[in-house]
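A.B. asks: Following this message is one structure expressed as structure tokens.
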Amino acid sequence: MSLVVSNKYELIYWRDRIWKIGPDGKLIPQRDENNQIIYNPLTGQPEYEYLESGTRVNAKRLNHMDDGIFAAHDYIVELKATIRRMQIQMELDGRVPGNSGTFSDTLDGSSNKISLDKALTDIIEPVAVGTTTLKVASVDGFTPFTQVTIFDDTNTEDVLITAIDASTKTITVQALAFSYKKGAKVARSNVAIDTVNAEMGVGDWQTYNVELVEVV
């Protein structure tokens, strides 16, 4: 049984250069109309007669090969991730026969029936201990009665959202146990997923320096 697939890679069909050999067993130099030997202007060596010119090596052909290698490697990486997900699915189904509700995340950017809630926003002004109303940059993705993590470079805590006001862009939470700086994060998850190494790590709180430049 063979599968019919569409392979769009175009073969170059490289050819060898085949030289002419004289009666004396040596290469035959090319000559001009005055019967003078033609020399290569770059190497200073004679140009020789040939039966087949061969395929020249140049950037266009090498880049064509490079693109093909990259596409093949990209396909292999994607195929390995697909096989891994299938192995996990089979393992989960094997442990619970007949279970069609299994879910998994292989941390490669694709998941099965599960997704990480990445809702994230910034607190736009400093807040003190005991604060319950947070002014934020956006309330998109957040819902009442869900837990969030608040953190900056000093403190962190988990609190429950009790109310959201989209018109004023405020999130009401349980009284804070710590104070936080302007720019502190409010996140449904402070996990950072590295899809290259298939690892789950802790997200970072960062600061930035912005230089304003006048445009004339």
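So you can find residues: chains in the structure tokens are A, B, ... in the order shown, residues in each start at 1, and ligands are numbered from 1 in order.
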Which residues are near A:Tyr9? Cut-off 10 Å, only C-alpha atoms, ignore same chain within fewer than 4 positions. Put them as an NGL selection string.
C.D. replies: :A and (64-65 or 67-68 or 71-72)
A.B. asks: Name the residues in contact with A:Ala184 at a cut-off of 10 Å, using only C-alpha atoms, excluding same-chain residues fewer than 3 positions from it; report them as a ChimeraX atom specification.
C.D. replies: /A:121-127,136,150-156,179-181,187,205-207
A.B. asks: Calculated over only C-alpha atoms, which of the candidates A:Phe145, A:Trp19, A:Phe178, A:Tyr13 has the smallest distance to A:Glu49?
C.D. replies: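 Of A:Phe145, A:Trp19, A:Phe178, A:Tyr13, the one nearest A:Glu49 is A:Trp19, counting only C-alpha atoms.
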A.B. asks: Got a sec: who's within 12 Å of A:Ser167, counting only C-alpha atoms, leaving out chain neighbours fewer than 6 positions off, as number ranges by chain?
C.D. replies: A: 135-140
A.B. asks: Could you please determine the separation between atom CA of A:Thr162 and atom CA of A:Thr146 in Å, to one decimal place?
C.D. replies: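 Result for atom CA of A:Thr162 versus atom CA of A:Thr146: 7.9 Å, one decimal.
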A.B. asks: Give me the residues near A:Ser189 as a JSON list (two decimals) with C-alpha atoms, in the first residue's frame, where near means some atom within 9 Å (using only C-alpha atoms) and where sequence neighbours in that chain fewer than 5 positions away do not count.
C.D. replies:
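To be explicit, this is the file written out as selection.json:
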```
[["chain", "number", "residue", "atom", "x", "y", "z"],
["A", 116, "LEU", "CA", -4.40, 27.77, 29.57],
["A", 117, "ASP", "CA", -6.29, 30.87, 30.65],
["A", 118, "LYS", "CA", -3.85, 33.65, 29.73],
["A", 119, "ALA", "CA", -5.94, 36.65, 30.85],
["A", 120, "LEU", "CA", -3.46, 39.29, 32.02],
["A", 148, "VAL", "CA", -6.28, 35.55, 40.07],
["A", 149, "THR", "CA", -2.67, 36.07, 41.04],
["A", 203, "GLY", "CA", 6.23, 34.31, 34.56]]
```
A.B. asks: Using only C-alpha atoms, determine which residues lie at most 6 Å from stretch 22-31 of chain A, disregarding the query and same-chain residues fewer than 6 positions distant; provide the list as a VMD selection string.
C.D. replies: chain A and resid 37 to 38 47 to 49
A.B. asks: Just write the chosen residues, N, CA and C atoms, as a CSV table (one decimal), in the first residue's frame.
C.D. replies:
```csv
chain,number,residue,atom,x,y,z
A,37,ILE,N,45.0,30.7,-26.2
A,37,ILE,CA,44.4,30.0,-25.1
A,37,ILE,C,43.6,31.1,-24.3
A,38,ILE,N,42.4,30.7,-23.9
A,38,ILE,CA,41.5,31.6,-23.1
A,38,ILE,C,41.8,31.3,-21.6
A,47,GLU,N,41.0,28.0,-19.5
A,47,GLU,CA,39.7,27.4,-19.5
A,47,GLU,C,39.8,26.2,-20.5
A,48,TYR,N,39.1,25.1,-20.1
A,48,TYR,CA,39.2,23.9,-20.8
A,48,TYR,C,37.9,23.5,-21.5
A,49,GLU,N,38.0,22.8,-22.6
A,49,GLU,CA,36.8,22.4,-23.3
A,49,GLU,C,36.1,21.2,-22.6
```
A.B. asks: What's the separation between atom CA of A:Ile12 and atom CA of A:Arg61, in Å to one decimal place?
C.D. replies: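 Between atom CA of A:Ile12 and atom CA of A:Arg61 the gap is 7.7 Å.
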A.B. asks: Assign secondary structure with DSSP using the backbone only, and return the residues of stretch 6-196 of chain A in helix (DSSP H, G or I) as an NGL selection string.
C.D. replies: :A and (59-95)
A.B. asks: As an exercise, work out the distance from atom CA of A:Gln45 to atom CA of A:Ile21 in Å and give it to one decimal place.
C.D. replies: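 Result for atom CA of A:Gln45 versus atom CA of A:Ile21: 17.1 Å, one decimal.
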A.B. asks: Smallest atom-to-atom distance to A:Ala166: which of A:Pro46, A:Leu79, A:Gln147, A:Gly141, using only C-alpha atoms?
C.D. replies: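 Residue with the minimum atom-to-atom distance to A:Ala166: A:Gly141.
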A.B. asks: Which residue out of A:Lys80, A:Arg17, A:Lys169, A:Lys182 has the minimum interatomic distance to A:Ala128 when only C-alpha atoms are used?
C.D. replies: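 Using only C-alpha atoms, the shortest distance to A:Ala128 belongs to A:Lys182.
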A.B. asks: Which residue out of A:Gln36, A:Met90, A:Glu157, A:Ser53 has the minimum interatomic distance to A:Lys20 when only C-alpha atoms are used?
C.D. replies: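 Counting only C-alpha atoms, the residue closest to A:Lys20 is A:Ser53.
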A.B. asks: According to DSSP computed on the backbone, where in stretch 23-160 of chain A is there strand (DSSP E or B)? Give the residues as JSON, numbers by chain.
C.D. replies: {"A": [27, 29, 31, 37, 39, 46, 48, 50, 51, 52, 104, 105, 111, 112, 120, 121, 122, 123, 127, 133, 134, 135, 136, 147, 148, 149, 150, 151, 156, 157, 158, 159, 160]}
A.B. asks: Can you spit out the residues from that selection as a short mmCIF file (atom, residue, chain, number, x, y, z; two decimals), in the first residue's frame, using C-alpha atoms?
C.D. replies:
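Result went into part-v3.cif, see below:
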```
data_model
loop_
_atom_site.label_atom_id
_atom_site.label_comp_id
_atom_site.auth_asym_id
_atom_site.auth_seq_id
_atom_site.Cartn_x
_atom_site.Cartn_y
_atom_site.Cartn_z
CA LEU A 27 42.66 18.46 -20.91
CA PRO A 29 42.47 24.33 -23.48
CA ARG A 31 41.08 28.89 -27.75
CA ILE A 37 44.40 30.05 -25.10
CA TYR A 39 42.37 32.21 -19.44
CA PRO A 46 43.28 28.18 -18.70
CA TYR A 48 39.22 23.88 -20.83
CA TYR A 50 34.07 20.20 -21.96
CA LEU A 51 31.34 17.82 -23.12
CA GLU A 52 28.94 18.82 -20.34
CA SER A 104 -3.72 16.89 27.96
CA ASP A 105 -1.21 19.63 27.20
CA SER A 111 -3.32 20.97 23.52
CA ASN A 112 -6.11 18.41 23.63
CA LEU A 120 -3.46 39.29 32.02
CA THR A 121 -3.61 42.99 32.81
CA ASP A 122 -1.67 45.74 34.62
CA ILE A 123 -2.61 47.73 37.72
CA VAL A 127 -2.30 50.01 45.72
CA THR A 133 -10.81 47.87 44.05
CA LEU A 134 -8.08 47.70 41.43
CA LYS A 135 -7.85 50.11 38.52
CA VAL A 136 -6.46 48.13 35.60
CA GLN A 147 -9.13 33.34 41.28
CA VAL A 148 -6.28 35.55 40.07
CA THR A 149 -2.67 36.07 41.04
CA ILE A 150 -1.42 39.59 41.77
CA PHE A 151 2.34 40.09 41.71
CA THR A 156 2.55 38.06 45.28
CA GLU A 157 -0.80 36.65 46.42
CA ASP A 158 -3.88 34.84 45.13
CA VAL A 159 -7.26 36.54 45.52
CA LEU A 160 -10.84 35.99 44.39
#
```
